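K.L.:
Below is the file upload.pdb, with PDB, C-alpha atoms.
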```pdb
ATOM      1  CA  MET A  98     182.260  80.720  31.085
ATOM      2  CA  ALA A  99     181.962  82.901  28.017
ATOM      3  CA  ARG A 100     180.663  86.450  28.278
ATOM      4  CA  SER A 101     177.621  85.545  26.163
ATOM      5  CA  THR A 102     176.526  82.877  28.667
ATOM      6  CA  LEU A 103     177.359  84.813  31.817
ATOM      7  CA  THR A 104     174.441  86.691  33.394
ATOM      8  CA  ARG A 105     174.346  89.438  35.988
ATOM      9  CA  ASP A 106     172.217  87.251  38.245
ATOM     10  CA  GLN A 107     174.891  84.522  38.187
ATOM     11  CA  ILE A 108     177.572  87.081  38.936
ATOM     12  CA  VAL A 109     175.696  88.628  41.855
ATOM     13  CA  ARG A 110     174.747  85.289  43.428
ATOM     14  CA  THR A 111     178.324  84.072  43.128
ATOM     15  CA  ALA A 112     179.530  87.342  44.630
ATOM     16  CA  VAL A 113     177.286  86.723  47.657
ATOM     17  CA  GLU A 114     178.866  83.265  48.059
ATOM     18  CA  LEU A 115     182.346  84.763  47.829
ATOM     19  CA  LEU A 116     181.516  87.530  50.282
ATOM     20  CA  ASP A 117     180.066  85.001  52.729
ATOM     21  CA  SER A 118     183.215  82.890  52.627
ATOM     22  CA  ASP A 119     185.947  85.543  52.264
ATOM     23  CA  GLY A 120     184.381  88.832  53.372
ATOM     24  CA  LEU A 121     184.631  92.259  51.759
ATOM     25  CA  GLU A 122     188.405  92.093  51.654
ATOM     26  CA  GLY A 123     188.257  88.804  49.732
ATOM     27  CA  LEU A 124     186.014  90.065  46.938
ATOM     28  CA  ASN A 125     187.816  90.985  43.734
ATOM     29  CA  MET A 126     187.111  90.417  40.081
ATOM     30  CA  ARG A 127     189.854  87.809  39.695
ATOM     31  CA  SER A 128     188.534  85.615  42.514
ATOM     32  CA  LEU A 129     184.996  86.076  41.273
ATOM     33  CA  GLY A 130     186.025  85.116  37.729
ATOM     34  CA  GLN A 131     187.668  81.954  39.051
ATOM     35  CA  ARG A 132     184.469  80.936  40.811
ATOM     36  CA  LEU A 133     182.517  81.602  37.644
ATOM     37  CA  ASN A 134     185.106  79.812  35.486
ATOM     38  CA  SER A 135     185.327  82.992  33.462
ATOM     39  CA  ALA A 136     187.827  85.725  32.716
ATOM     40  CA  ALA A 137     187.664  88.607  35.171
ATOM     41  CA  THR A 138     187.206  91.012  32.269
ATOM     42  CA  ALA A 139     183.931  89.289  31.338
ATOM     43  CA  VAL A 140     182.421  90.352  34.660
ATOM     44  CA  TYR A 141     182.815  94.008  33.687
ATOM     45  CA  TRP A 142     180.313  93.551  30.888
ATOM     46  CA  HIS A 143     177.634  93.147  33.579
ATOM     47  CA  VAL A 144     178.814  95.228  36.578
ATOM     48  CA  LYS A 145     180.741  98.495  36.652
ATOM     49  CA  ASN A 146     183.152  97.824  39.506
ATOM     50  CA  LYS A 147     183.536  96.200  42.931
ATOM     51  CA  ASP A 148     181.416  98.831  44.676
ATOM     52  CA  ASP A 149     178.614  98.265  42.189
ATOM     53  CA  LEU A 150     178.886  94.522  42.776
ATOM     54  CA  VAL A 151     178.698  94.904  46.576
ATOM     55  CA  THR A 152     175.616  97.098  46.181
ATOM     56  CA  LEU A 153     173.921  94.503  43.970
ATOM     57  CA  ALA A 154     174.876  91.665  46.314
ATOM     58  CA  GLY A 155     173.664  93.670  49.290
ATOM     59  CA  ASP A 156     170.285  94.223  47.661
ATOM     60  CA  LEU A 157     169.831  90.558  46.748
ATOM     61  CA  VAL A 158     170.004  89.243  50.317
ATOM     62  CA  TRP A 159     167.079  91.415  51.476
ATOM     63  CA  ASP A 160     164.810  88.924  49.712
ATOM     64  CA  GLU A 161     165.655  86.457  52.510
ATOM     65  CA  ILE A 162     163.530  88.468  54.960
ATOM     66  CA  ARG A 163     159.927  87.308  55.114
ATOM     67  CA  LEU A 164     157.140  89.893  54.846
ATOM     68  CA  PRO A 165     154.358  88.995  57.310
ATOM     69  CA  ASP A 166     150.756  89.172  56.134
ATOM     70  CA  LEU A 167     149.232  92.095  58.027
ATOM     71  CA  ASP A 168     145.766  90.654  57.509
ATOM     72  CA  THR A 169     146.672  87.661  59.673
ATOM     73  CA  VAL A 170     149.076  88.998  62.340
ATOM     74  CA  ASP A 171     149.154  92.116  64.495
ATOM     75  CA  TRP A 172     151.779  94.808  64.039
ATOM     76  CA  ARG A 173     153.828  93.792  67.088
ATOM     77  CA  THR A 174     154.098  90.176  65.898
ATOM     78  CA  ALA A 175     155.029  91.357  62.404
ATOM     79  CA  ALA A 176     157.618  93.833  63.696
ATOM     80  CA  THR A 177     159.225  91.167  65.888
ATOM     81  CA  ALA A 178     159.324  88.672  63.020
ATOM     82  CA  MET A 179     160.870  91.115  60.562
ATOM     83  CA  ALA A 180     163.476  92.289  63.085
ATOM     84  CA  GLY A 181     164.346  88.670  63.866
ATOM     85  CA  ASP A 182     164.698  87.806  60.185
ATOM     86  CA  LEU A 183     166.871  90.883  59.639
ATOM     87  CA  TYR A 184     169.106  89.911  62.551
ATOM     88  CA  ALA A 185     169.426  86.357  61.181
ATOM     89  CA  MET A 186     170.156  87.668  57.679
ATOM     90  CA  PHE A 187     172.958  89.867  59.003
ATOM     91  CA  GLY A 188     174.313  86.802  60.800
ATOM     92  CA  ARG A 189     174.450  84.851  57.531
ATOM     93  CA  HIS A 190     176.040  87.772  55.668
ATOM     94  CA  PRO A 191     178.259  89.643  58.172
ATOM     95  CA  TRP A 192     180.024  91.505  55.348
ATOM     96  CA  LEU A 193     176.798  93.450  54.802
ATOM     97  CA  VAL A 194     176.984  94.892  58.319
ATOM     98  CA  GLN A 195     180.507  96.155  57.624
ATOM     99  CA  ALA A 196     179.524  97.475  54.201
ATOM    100  CA  PHE A 197     176.919  99.835  55.656
ATOM    101  CA  ALA A 198     179.841 102.028  56.714
ATOM    102  CA  THR A 199     181.074 102.430  53.135
ATOM    103  CA  HIS A 200     178.111 101.850  50.813
ATOM    104  CA  LEU A 201     174.669 103.356  50.267
ATOM    105  CA  PHE A 202     172.483 100.327  49.661
ATOM    106  CA  HIS A 203     169.459 100.584  47.432
ATOM    107  CA  GLY A 204     167.513  98.433  45.022
ATOM    108  CA  GLU A 205     164.252  96.582  44.601
ATOM    109  CA  GLY A 206     164.938  94.002  47.304
ATOM    110  CA  LYS A 207     165.673  96.548  50.006
ATOM    111  CA  ALA A 208     162.869  98.839  48.814
ATOM    112  CA  ARG A 209     160.355  95.966  49.035
ATOM    113  CA  HIS A 210     161.487  95.237  52.591
ATOM    114  CA  ASP A 211     161.472  98.894  53.652
ATOM    115  CA  ASP A 212     158.020  99.538  52.197
ATOM    116  CA  HIS A 213     156.501  96.565  54.004
ATOM    117  CA  ASN A 214     158.323  97.480  57.206
ATOM    118  CA  LEU A 215     156.706 100.920  57.142
ATOM    119  CA  ALA A 216     153.321  99.270  56.580
ATOM    120  CA  VAL A 217     153.895  97.256  59.757
ATOM    121  CA  TYR A 218     154.311 100.352  61.905
ATOM    122  CA  GLU A 219     151.471 102.147  60.149
ATOM    123  CA  ALA A 220     149.281  99.168  61.013
ATOM    124  CA  GLY A 221     150.233  99.710  64.641
ATOM    125  CA  GLY A 222     149.058 103.306  64.558
ATOM    126  CA  PHE A 223     152.272 105.183  63.746
ATOM    127  CA  THR A 224     151.735 107.708  60.976
ATOM    128  CA  GLY A 225     153.965 109.831  58.767
ATOM    129  CA  PRO A 226     157.346 110.662  60.338
ATOM    130  CA  ALA A 227     156.470 108.602  63.437
ATOM    131  CA  ALA A 228     156.359 105.429  61.325
ATOM    132  CA  ASP A 229     159.702 106.361  59.762
ATOM    133  CA  ARG A 230     161.266 106.896  63.194
ATOM    134  CA  ALA A 231     159.871 103.631  64.556
ATOM    135  CA  ALA A 232     161.205 101.623  61.619
ATOM    136  CA  ALA A 233     164.582 103.386  61.783
ATOM    137  CA  ALA A 234     164.902 102.806  65.544
ATOM    138  CA  VAL A 235     164.346  99.063  65.200
ATOM    139  CA  PHE A 236     166.663  98.813  62.197
ATOM    140  CA  THR A 237     169.433 100.653  64.052
ATOM    141  CA  TYR A 238     168.960  98.386  67.057
ATOM    142  CA  VAL A 239     169.237  95.244  64.913
ATOM    143  CA  LEU A 240     172.268  96.537  63.026
ATOM    144  CA  GLY A 241     174.018  97.449  66.255
ATOM    145  CA  ASN A 242     173.454  93.996  67.728
ATOM    146  CA  ALA A 243     174.691  92.325  64.542
ATOM    147  CA  SER A 244     177.883  94.400  64.437
ATOM    148  CA  SER A 245     179.641  92.433  67.182
ATOM    149  CA  ALA A 246     179.325  89.103  65.382
ATOM    150  CA  ALA A 247     180.334  90.727  62.075
ATOM    151  CA  ALA A 248     183.431  92.224  63.681
ATOM    152  CA  THR A 249     184.365  88.847  65.170
ATOM    153  CA  THR A 250     184.052  87.190  61.760
ATOM    154  CA  ALA A 251     186.248  89.830  60.110
ATOM    155  CA  LEU A 252     188.815  89.638  62.925
ATOM    156  CA  THR A 253     188.914  85.845  62.679
ATOM    157  CA  ARG A 254     189.750  86.054  58.974
ATOM    158  CA  ARG A 255     192.482  88.614  59.613
ATOM    159  CA  ILE A 256     194.063  86.492  62.348
ATOM    160  CA  GLU A 257     193.996  83.380  60.184
ATOM    161  CA  ARG A 258     195.474  85.238  57.197
ATOM    162  CA  ASP A 259     198.392  86.075  59.472
ATOM    163  CA  GLY A 260     198.890  82.360  60.109
ATOM    164  CA  ARG A 261     197.688  82.405  63.712
ATOM    165  CA  ASP A 262     195.006  80.289  65.378
ATOM    166  CA  ALA A 263     191.929  82.461  65.974
ATOM    167  CA  GLY A 264     190.659  80.277  68.811
ATOM    168  CA  GLU A 265     193.914  80.619  70.698
ATOM    169  CA  VAL A 266     194.043  84.376  70.155
ATOM    170  CA  PHE A 267     190.480  84.858  71.381
ATOM    171  CA  ALA A 268     191.039  82.614  74.400
ATOM    172  CA  ALA A 269     194.158  84.545  75.406
ATOM    173  CA  THR A 270     192.368  87.869  74.944
ATOM    174  CA  MET A 271     189.360  86.725  76.979
ATOM    175  CA  LYS A 272     191.697  85.588  79.760
ATOM    176  CA  GLU A 273     193.352  89.008  79.869
ATOM    177  CA  ALA A 274     189.960  90.750  79.780
ATOM    178  CA  ALA A 275     188.678  88.566  82.624
ATOM    179  CA  GLU A 276     191.724  89.400  84.736
ATOM    180  CA  VAL A 277     191.099  93.126  84.327
ATOM    181  CA  ALA A 278     187.337  92.790  84.891
ATOM    182  CA  GLY A 279     188.005  90.744  88.022
ATOM    183  CA  ARG A 280     189.211  93.903  89.745
ATOM    184  CA  PHE A 281     185.662  95.277  89.698
ATOM    185  CA  PRO A 282     183.061  93.663  91.992
ATOM    186  CA  ARG A 283     180.019  93.569  89.715
ATOM    187  CA  LEU A 284     181.976  92.271  86.751
ATOM    188  CA  ARG A 285     183.765  89.727  88.945
ATOM    189  CA  SER A 286     180.484  88.317  90.274
ATOM    190  CA  ARG A 287     179.204  87.799  86.742
ATOM    191  CA  ILE A 288     182.414  86.171  85.558
ATOM    192  CA  ASP A 289     182.294  83.774  88.509
ATOM    193  CA  ALA A 290     178.692  82.818  87.702
ATOM    194  CA  LEU A 291     179.148  82.573  83.934
ATOM    195  CA  THR A 292     179.063  79.180  82.216
ATOM    196  CA  ALA A 293     179.906  78.218  78.637
ATOM    197  CA  ASP A 294     176.195  77.781  77.861
ATOM    198  CA  ASP A 295     175.401  81.214  79.278
ATOM    199  CA  TYR A 296     178.052  82.774  77.047
ATOM    200  CA  ALA A 297     176.830  80.975  73.915
ATOM    201  CA  GLU A 298     173.193  81.926  74.467
ATOM    202  CA  GLY A 299     173.857  85.449  75.733
ATOM    203  CA  PRO A 300     173.795  87.457  72.477
ATOM    204  CA  ASP A 301     170.481  86.014  71.253
ATOM    205  CA  ASP A 302     168.851  86.409  74.666
ATOM    206  CA  THR A 303     170.082  89.990  74.893
ATOM    207  CA  PHE A 304     168.760  90.739  71.404
ATOM    208  CA  ALA A 305     165.284  89.389  72.219
ATOM    209  CA  PHE A 306     165.176  91.252  75.542
ATOM    210  CA  GLY A 307     166.195  94.561  73.977
ATOM    211  CA  LEU A 308     163.806  94.219  71.047
ATOM    212  CA  ASP A 309     160.878  93.558  73.391
ATOM    213  CA  ALA A 310     161.839  96.576  75.504
ATOM    214  CA  LEU A 311     162.118  98.783  72.415
ATOM    215  CA  LEU A 312     158.726  97.714  71.070
ATOM    216  CA  ASP A 313     157.194  98.109  74.547
ATOM    217  CA  GLY A 314     158.379 101.698  74.568
ATOM    218  CA  MET A 315     156.952 102.327  71.108
ATOM    219  CA  ALA A 316     153.604 100.773  72.005
ATOM    220  CA  ALA A 317     153.397 102.989  75.095
ATOM    221  CA  ARG A 318     153.580 106.074  72.859
ATOM    222  CA  LEU A 319     150.507 105.068  70.867
ATOM    223  CA  PRO A 320     147.143 106.597  71.855
ATOM    224  CA  ALA A 321     144.803 104.039  73.405
ATOM    225  CA  ASP A 322     141.952 104.996  71.057
ATOM    226  CA  ARG A 323     143.967 104.798  67.843
ATOM    227  CA  PRO A 324     142.006 103.407  64.885
ATOM    228  CA  ALA A 325     142.892 100.049  63.360
ATOM    229  CA  ILE A 326     144.878 100.593  60.160
ATOM    230  CA  ARG A 327     145.378  98.106  57.355
ATOM    231  CA  PRO A 328     147.641  99.903  54.849
ATOM    232  CA  SER A 329     148.136  98.479  51.410
ATOM    233  CA  THR A 330     151.410  96.567  51.069
ATOM    234  CA  ARG A 331     151.251  96.289  47.283
ATOM    235  CA  PRO A 332     153.600  98.356  45.100
ATOM    236  CA  ALA A 333     152.053 101.570  43.843
ATOM    237  CA  ASP A 334     151.911 100.346  40.252
ATOM    238  CA  GLU A 335     149.712  97.420  41.334
ATOM    239  CA  ASN A 336     147.107  99.541  43.180
TER
END
```
Take the structure in this file and express it as structure tokens.
P.N.:
Amino acid sequence: MARSTLTRDQIVRTAVELLDSDGLEGLNMRSLGQRLNSAATAVYWHVKNKDDLVTLAGDLVWDEIRLPDLDTVDWRTAATAMAGDLYAMFGRHPWLVQAFATHLFHGEGKARHDDHNLAVYEAGGFTGPAADRAAAAVFTYVLGNASSAAATTALTRRIERDGRDAGEVFAATMKEAAEVAGRFPRLRSRIDALTADDYAEGPDDTFAFGLDALLDGMAARLPADRPAIRPSTRPADEN
């Protein structure tokens, strides 16, 4: 693809596809150029470097998170929905979870999400710094829960690059871990009762339980006579 026909949007969307399939370690201008059927040098006409590309890709995926209408749902429903969408988005793009350790993400997509997220907590009665803390607490909780799956994805790629079978490696590791845990009574009782279905459903159930508990704690901090708030969710230049 010639430089004149290549667009930044094409580059960023293709970068997301490459990151989803190969992770952060698999993203480079040569591989990206091959996917675009273009010379790697042509990409540099639209993005400065790999870090810039990761930042742009990271901003794009925030558009996947739905923004609930605060005129039709209460703040708790909206907060739960946005946290769930964020968790699912991190699951689709595990590289983004890893990249938070090395990149400062910003852009219109993330700003749109963050602005609406603050409006959710303001609608619940949190004001000023309290709304910021509430939004940050839920975000940190979601990111922490998503980190385990992201780490597993990255580890799987590393194992397979070394020519080993990831399933076999994980099975052997789990067997060793179970043998150690079996020495402790509470862990042993849970291992004995655990089924394959329990293990598969565990992370999502744990996420939902923890999110409910977190929002319960936040709701308990709100004064009972707080006024109903319907903050504007439109960008400032549209008000």
K.L.:
Would you write out, as a PyMOL selection string, every residue that the PyMOL selection byres ((chain A and resi 244) around 10) captures in this file?
P.N.:
chain A and resi 187-188+191-195+239-243+245-250
K.L.:
Evaluate the PyMOL selection byres ((chain A and resi 288) around 12) on the structure here and hand back the selected residues as a PyMOL selection string.
P.N.:
chain A and resi 271-272+274-287+289-293+295-296
K.L.:
Using all atoms listed in the file and a cutoff of 12 Å, can you tell me which residues are near (173.3, 89.3, 39.0) in the file's coordinates, and write them out as a PyMOL selection string?
P.N.:
chain A and resi 103-113+140-144+149-158
K.L.:
Keeping C-alpha atoms, export the residues of the selection given above as a PDB file, in the coordinates of the input.
P.N.:
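Dumped to part.pdb:
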```pdb
ATOM      1  CA  LEU A 103     177.359  84.813  31.817  1.00  0.00           C
ATOM      2  CA  THR A 104     174.441  86.691  33.394  1.00  0.00           C
ATOM      3  CA  ARG A 105     174.346  89.438  35.988  1.00  0.00           C
ATOM      4  CA  ASP A 106     172.217  87.251  38.245  1.00  0.00           C
ATOM      5  CA  GLN A 107     174.891  84.522  38.187  1.00  0.00           C
ATOM      6  CA  ILE A 108     177.572  87.081  38.936  1.00  0.00           C
ATOM      7  CA  VAL A 109     175.696  88.628  41.855  1.00  0.00           C
ATOM      8  CA  ARG A 110     174.747  85.289  43.428  1.00  0.00           C
ATOM      9  CA  THR A 111     178.324  84.072  43.128  1.00  0.00           C
ATOM     10  CA  ALA A 112     179.530  87.342  44.630  1.00  0.00           C
ATOM     11  CA  VAL A 113     177.286  86.723  47.657  1.00  0.00           C
ATOM     12  CA  VAL A 140     182.421  90.352  34.660  1.00  0.00           C
ATOM     13  CA  TYR A 141     182.815  94.008  33.687  1.00  0.00           C
ATOM     14  CA  TRP A 142     180.313  93.551  30.888  1.00  0.00           C
ATOM     15  CA  HIS A 143     177.634  93.147  33.579  1.00  0.00           C
ATOM     16  CA  VAL A 144     178.814  95.228  36.578  1.00  0.00           C
ATOM     17  CA  ASP A 149     178.614  98.265  42.189  1.00  0.00           C
ATOM     18  CA  LEU A 150     178.886  94.522  42.776  1.00  0.00           C
ATOM     19  CA  VAL A 151     178.698  94.904  46.576  1.00  0.00           C
ATOM     20  CA  THR A 152     175.616  97.098  46.181  1.00  0.00           C
ATOM     21  CA  LEU A 153     173.921  94.503  43.970  1.00  0.00           C
ATOM     22  CA  ALA A 154     174.876  91.665  46.314  1.00  0.00           C
ATOM     23  CA  GLY A 155     173.664  93.670  49.290  1.00  0.00           C
ATOM     24  CA  ASP A 156     170.285  94.223  47.661  1.00  0.00           C
ATOM     25  CA  LEU A 157     169.831  90.558  46.748  1.00  0.00           C
ATOM     26  CA  VAL A 158     170.004  89.243  50.317  1.00  0.00           C
TER      27      VAL A 158
END
```
K.L.:
Please write as a list of chain:residue names the list of polymer residues whose atoms come within 9 Å of (150.5, 92.9, 61.3), counting only C-alpha atoms and keeping to the coordinates of the file.
P.N.:
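The residues near that point, listed by chain and number, are A:Pro165, A:Asp166, A:Leu167, A:Asp168, A:Thr169, A:Val170, A:Asp171, A:Trp172, A:Arg173, A:Thr174, A:Ala175, A:Ala176, A:Ala216, A:Val217, A:Tyr218, A:Ala220, A:Gly221, A:Arg327.
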K.L.:
Draw an axis-aligned box tight on the listed atoms of segment 114-117 of chain A, then pad every side by 8 Å and write out centre and edge lengths in Å to one decimal as AutoDock Vina command-line options.
P.N.:
```
--center_x 180.6 --center_y 85.4 --center_z 50.3 --size_x 19.5 --size_y 20.3 --size_z 20.9
```
K.L.:
Pick out the residues sitting within 9 Å of Val235 of chain A, and hand them over as an MDAnalysis selection string; count all atoms listed in the file, and ignore anything fewer than 2 positions along from it in its own chain.
P.N.:
chainID A and resid 176 180 230:233 237:240 308 311:312
K.L.:
Pull out every residue that the PyMOL selection byres ((chain A and resi 161) around 9) matches in the shown coordinates and put them as an mmCIF file with C-alpha atoms, in the frame of the given file.
P.N.:
```
data_model
loop_
_atom_site.group_PDB
_atom_site.id
_atom_site.type_symbol
_atom_site.label_atom_id
_atom_site.label_comp_id
_atom_site.auth_asym_id
_atom_site.auth_seq_id
_atom_site.Cartn_x
_atom_site.Cartn_y
_atom_site.Cartn_z
ATOM 1 C CA LEU A 157 169.831 90.558 46.748
ATOM 2 C CA VAL A 158 170.004 89.243 50.317
ATOM 3 C CA TRP A 159 167.079 91.415 51.476
ATOM 4 C CA ASP A 160 164.810 88.924 49.712
ATOM 5 C CA ILE A 162 163.530 88.468 54.960
ATOM 6 C CA ARG A 163 159.927 87.308 55.114
ATOM 7 C CA ASP A 182 164.698 87.806 60.185
ATOM 8 C CA LEU A 183 166.871 90.883 59.639
ATOM 9 C CA MET A 186 170.156 87.668 57.679
#
```
K.L.:
Could you check which of A:Glu114, A:Glu205, A:Gly120, A:Ala305 is closest to Thr253 of chain A, using all atoms listed in the file?
P.N.:
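Among the listed residues, the smallest separation from Thr253 of chain A belongs to A:Gly120.
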K.L.:
Go through A:Ser118, A:Asn134, A:Thr177, A:Ser128 one by one, measure the shortest atom-to-atom distance of each to Phe306 of chain A using all atoms listed in the file, and give the residue with the smallest value.
P.N.:
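Selected residue with least distance to Phe306 of chain A: A:Thr177.
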K.L.:
Looking at only C-alpha atoms, which of A:Gly307, A:Tyr184, A:Ala251, A:Pro226 is the one that sits closest to Leu121 of chain A?
P.N.:
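The closest residue to Leu121 of chain A is A:Ala251.
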